[in-house]
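One structure is given below, encoded as structure tokens.
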Amino acid sequence: MRRLLPYLVILFFACVPLWLKDQYFLHTLVVSGIFILAALSLNLLLGYTGQLSLGHVAFFGIGAYVSALTTLGFEVTLFGHTFVHGQWPAVVGLVLGTIIAGLCGYIIGRLSFRVRGAYFVIVTVSFAEVTRLVALNWVELTNGPLALPGIPPLTLGSDLTGYVTLWAKWQNYYVVLFFIALGYIIIKRIVNSPYGRAMIALRENESLAMSVGIDVTRYLVLAAIISAAMAGAAGGLYAHYLQIIDPMIFMFLNTVTMVIMVITGGKGTLAGPLVGGLIFGIAPVLLREYVGPEVQWILYGVLMILIVFILPQGIVPAIERWFSRPPAAPASLALTEKGEQA
């Protein structure tokens, strides 16, 4: 049964649009799925290398803005020269957003992994704030607080097969589901490779890992690149799905949401961000439906506190422990053993 469970879960989520008629709830699943992809990327950095990045939303926002601007086109003046960029396909924008976010991850990784602990957190938070201020004040490029409207949705296909523009929510749902599956597979392959084992060794004991010849900076920067690129892809999906973005995409609350998804689900586990993301992506919608606005965020906070206190290692590790418990001995066998001991 345990071997069949992942396939049953995949089958269930693949069939959701077939029976779910509530378009708002389907919209919630799409947005939650995008943040689950971002949480998967953060889990590689937080769960497997032990580095807490509180500026992870910067890569998410960079991917969103690069993808949007590549698709919309722009005209900007720098150092007395005017640069004009035409409109490119949305898929190209998504790829470029992923690449640029990964490049930013490399730069920040090389600069910030020279420090650890609270200093690393400060560097990442500062980077996120800088990107927010750039998006807010570079009005000529980003349109500032007025947002970037009219971002075209993703278009898939080719000249041979024809093109399909993803206007419908169920179409975007399957695209996001595909990216989550792809991100999960990539991280699983990394974690089960020598690179992943080196990252885990760094998390458990950095000094010991260095003593056996593991290049700390190399592996941490590699994790930062992959993590940032995945977050950038999630940001690109977010931009093309909502078709409008503004500097609020860089707000600290989005990073906190990713961290909550990782920690409550179980950091350092492959399925943790999936479970945590699903719960804390859907919970606000359910609370909004059944309770008043004055108590819904209180209940949301209480739910998070209960999970952290009752399941300090996360939901997925608790489920794994429950499944791995040995079966209880039959009562008759227990009585026989007691009799023999007597």
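Chain labels A, B, ... are given in the sequence in which chains occur in the structure tokens; within each chain residues are numbered consecutively from 1, and ligands are likewise numbered from 1 in the order shown.
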Checklist entry - Using only C-alpha atoms, which residues sit within 10 Å of A:Gly272 once same-chain residues fewer than 4 positions away are excluded, as number ranges by chain? => result A: 36, 39-40, 43, 47, 261-268, 276-278, 314-317
Item to check | Test item, strand (DSSP E) assignment across stretch 58-302 of chain A, answer as a PyMOL selection string | outcome: chain A and resi 74-78+81-85+148-149+155-158+162-165+244-245
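Put simply, atom CA of A:Ala38 is 4.7 Å away from atom CA of A:Ala231.
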Next on the checklist: List as an NGL selection string the protein and nucleic acid residues near A:Gly281, meaning an atom at most 12 Å away when only C-alpha atoms are counted, but skip any in the same chain fewer than 6 places from it.
Outcome noted: :A and (25-36 or 39 or 254 or 257-258 or 260-261 or 273-275 or 287 or 300)
How would the residues just chosen look if you wrote them out with C-alpha atoms as a tab-separated table (two decimals), in the first residue's frame?
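Saved as result_26.tsv:
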chain	number	residue	atom	x	y	z
A	25	PHE	CA	-11.02	27.13	-5.24
A	26	LEU	CA	-9.26	25.97	-8.41
A	27	HIS	CA	-7.59	29.40	-8.58
A	28	THR	CA	-6.46	28.90	-4.98
A	29	LEU	CA	-4.94	25.54	-5.89
A	30	VAL	CA	-3.03	27.10	-8.79
A	31	VAL	CA	-1.59	29.90	-6.64
A	32	SER	CA	-0.84	27.45	-3.82
A	33	GLY	CA	0.90	25.18	-6.32
A	34	ILE	CA	3.12	28.05	-7.46
A	35	PHE	CA	4.13	28.74	-3.85
A	36	ILE	CA	4.67	25.02	-3.29
A	39	ALA	CA	8.84	26.20	-1.12
A	254	ASN	CA	5.75	35.80	0.83
A	257	THR	CA	4.78	31.79	3.68
A	258	MET	CA	7.46	29.69	1.99
A	260	ILE	CA	6.03	28.06	7.01
A	261	MET	CA	5.31	25.58	4.22
A	273	PRO	CA	6.89	21.38	1.22
A	274	LEU	CA	4.13	19.61	-0.72
A	275	VAL	CA	2.15	18.76	2.40
A	287	LEU	CA	-11.30	29.78	7.05
A	300	TYR	CA	-4.57	30.32	11.03
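Excluding A:Ile107 itself and same-chain residues fewer than 4 positions from it, the residues having an atom within 10 Å of it are A:Ala101, A:Gly102, A:Leu103, A:Leu111, A:Ser112, A:Val221, A:Ala224, A:Ile225, counting only C-alpha atoms.
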Selection to disk with C-alpha atoms, as a JSON list (two decimals), in the first residue's frame:
[["chain", "number", "residue", "atom", "x", "y", "z"],
["A", 101, "ALA", "CA", 17.18, 34.21, -11.07],
["A", 102, "GLY", "CA", 19.73, 31.37, -11.02],
["A", 103, "LEU", "CA", 22.49, 33.83, -11.96],
["A", 111, "LEU", "CA", 29.01, 36.90, -1.67],
["A", 112, "SER", "CA", 26.95, 35.73, 1.30],
["A", 221, "VAL", "CA", 26.63, 28.00, -4.08],
["A", 224, "ALA", "CA", 21.78, 28.51, -4.08],
["A", 225, "ILE", "CA", 21.82, 28.46, -7.90]]
Wanna dump the stretch 42-67 of chain A-stretch 246-252 of chain A contacts at 8 Å for me, each residue with its shortest atom pair and the distance in Å to one decimal, counting only C-alpha atoms, ordered by chain and number, as a tab-separated table?
residue	atom	partner	partner_atom	distance
A:Leu54	CA	A:Phe252	CA	7.9
A:Gly55	CA	A:Phe252	CA	7.7
A:Val57	CA	A:Phe250	CA	5.8
A:Ala58	CA	A:Phe250	CA	6.0
A:Phe60	CA	A:Phe250	CA	7.9
A:Gly61	CA	A:Phe250	CA	5.8
Next on the checklist: Excluding stretch 181-187 of chain A and its own-chain neighbours fewer than 4 positions away, which residues fall within 8 Å of it when counting only C-alpha atoms? Please give them as a PyMOL selection string.
Outcome noted: chain A and resi 37+40-41+44+177+191+230+270
What does the file look like for those residues with N, CA and C atoms, as a CSV table (one decimal), in the first residue's frame?
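The file below, part26.csv, is the result:
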chain,number,residue,atom,x,y,z
A,37,LEU,N,6.0,25.2,-5.3
A,37,LEU,CA,7.2,25.1,-6.1
A,37,LEU,C,8.3,26.0,-5.5
A,40,LEU,N,9.5,24.3,-2.4
A,40,LEU,CA,10.4,23.2,-2.8
A,40,LEU,C,11.9,23.7,-3.0
A,41,SER,N,11.9,24.8,-3.7
A,41,SER,CA,13.3,25.4,-3.9
A,41,SER,C,13.9,25.9,-2.6
A,44,LEU,N,15.5,23.0,-0.5
A,44,LEU,CA,16.9,22.6,-0.9
A,44,LEU,C,17.9,23.3,-0.1
A,177,LEU,N,1.1,21.9,-12.0
A,177,LEU,CA,1.3,20.5,-11.5
A,177,LEU,C,2.6,19.8,-12.1
A,191,VAL,N,19.3,15.1,-4.1
A,191,VAL,CA,19.5,14.7,-2.8
A,191,VAL,C,20.1,13.3,-2.7
A,230,MET,N,14.7,27.7,-9.4
A,230,MET,CA,13.4,27.1,-9.3
A,230,MET,C,12.4,28.2,-8.7
A,270,LEU,N,11.5,15.3,1.2
A,270,LEU,CA,11.1,15.7,-0.1
A,270,LEU,C,9.6,16.1,-0.2
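Computed from the coordinates, the atom CA of A:Val216 to atom CA of A:Ala234 distance equals 27.2 Å.
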Next on the checklist: I'd like the neighbourhood of A:Pro152 as a PyMOL selection string, where a residue qualifies if any of its atoms comes within 9 Å (using only C-alpha atoms), though same-chain residues fewer than 2 positions away should be ignored.
Outcome noted: chain A and resi 68+71-72+89-90+150+154-155+165+239-241+243
Could you save the residues just selected, with C-alpha atoms, as a PDB file, in the first residue's frame?
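selection11.pdb, written as the output of this step:
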ATOM      1  CA  ALA A  68       6.922  39.727 -17.685  1.00  0.00           C
ATOM      2  CA  THR A  71       7.111  39.188 -22.891  1.00  0.00           C
ATOM      3  CA  LEU A  72       5.733  42.741 -22.774  1.00  0.00           C
ATOM      4  CA  PRO A  89       7.044  34.592 -26.451  1.00  0.00           C
ATOM      5  CA  ALA A  90       5.982  33.924 -22.873  1.00  0.00           C
ATOM      6  CA  GLY A 150      -1.460  42.975 -19.471  1.00  0.00           C
ATOM      7  CA  LEU A 154       1.719  31.141 -21.377  1.00  0.00           C
ATOM      8  CA  THR A 155       1.344  29.749 -24.885  1.00  0.00           C
ATOM      9  CA  THR A 165      -2.876  29.845 -24.986  1.00  0.00           C
ATOM     10  CA  ALA A 239       3.289  36.517 -13.436  1.00  0.00           C
ATOM     11  CA  HIS A 240       1.827  34.794 -16.488  1.00  0.00           C
ATOM     12  CA  TYR A 241      -1.036  33.276 -14.512  1.00  0.00           C
ATOM     13  CA  GLN A 243      -1.199  38.615 -15.775  1.00  0.00           C
TER      14      GLN A 243
END
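Pairwise distance (atom CA of A:Leu18, atom CA of A:Lys169) equals 12.0 Å.
With only C-alpha atoms as the atoms that count, the residue of A:Val125, A:Ala209, A:Leu133, A:Val76 with the shortest distance to A:Thr255 is A:Val125.
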Checklist entry - Could you pull out the alpha helix (DSSP H) residues of stretch 56-188 of chain A from DSSP and send them as a PyMOL selection string? => result chain A and resi 57-72+90-112+118-137+139-142+169-188
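With only C-alpha atoms taken into account, the protein and nucleic acid residues at most 8 Å from A:Gly236 (excluding it and anything under 4 positions from it in its own chain) are Phe60, Gly63, Ala64, Tyr65, Val66, Ser67, Ala68, Gly93, Leu94, Gly97, Thr98, Gly232 and His240 of chain A.
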Keeping C-alpha atoms, export the residues of the selection given above as a PDB file, in the first residue's frame.
ATOM      1  CA  PHE A  60      10.684  34.696  -7.000  1.00  0.00           C
ATOM      2  CA  GLY A  63      11.773  35.585 -12.182  1.00  0.00           C
ATOM      3  CA  ALA A  64       8.353  37.239 -12.345  1.00  0.00           C
ATOM      4  CA  TYR A  65       9.615  40.631 -13.528  1.00  0.00           C
ATOM      5  CA  VAL A  66      12.145  39.265 -16.030  1.00  0.00           C
ATOM      6  CA  SER A  67       9.554  36.973 -17.570  1.00  0.00           C
ATOM      7  CA  ALA A  68       6.922  39.727 -17.685  1.00  0.00           C
ATOM      8  CA  GLY A  93      10.383  34.901 -20.885  1.00  0.00           C
ATOM      9  CA  LEU A  94       9.829  32.076 -18.402  1.00  0.00           C
ATOM     10  CA  GLY A  97      13.434  34.524 -15.766  1.00  0.00           C
ATOM     11  CA  THR A  98      14.626  31.152 -14.494  1.00  0.00           C
ATOM     12  CA  GLY A 232      12.467  32.216 -10.491  1.00  0.00           C
ATOM     13  CA  HIS A 240       1.827  34.794 -16.488  1.00  0.00           C
TER      14      HIS A 240
END
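Considering the residues A:Leu46, A:Val302, A:Val176, A:Ile99 and counting only C-alpha atoms, A:Ile200 has its shortest atom-to-atom contact with A:Leu46.
Compared by their closest atoms to A:Ala128, and using only C-alpha atoms, the residues A:Glu140, A:Leu253, A:Tyr24, A:Val259 rank with A:Leu253 nearest.
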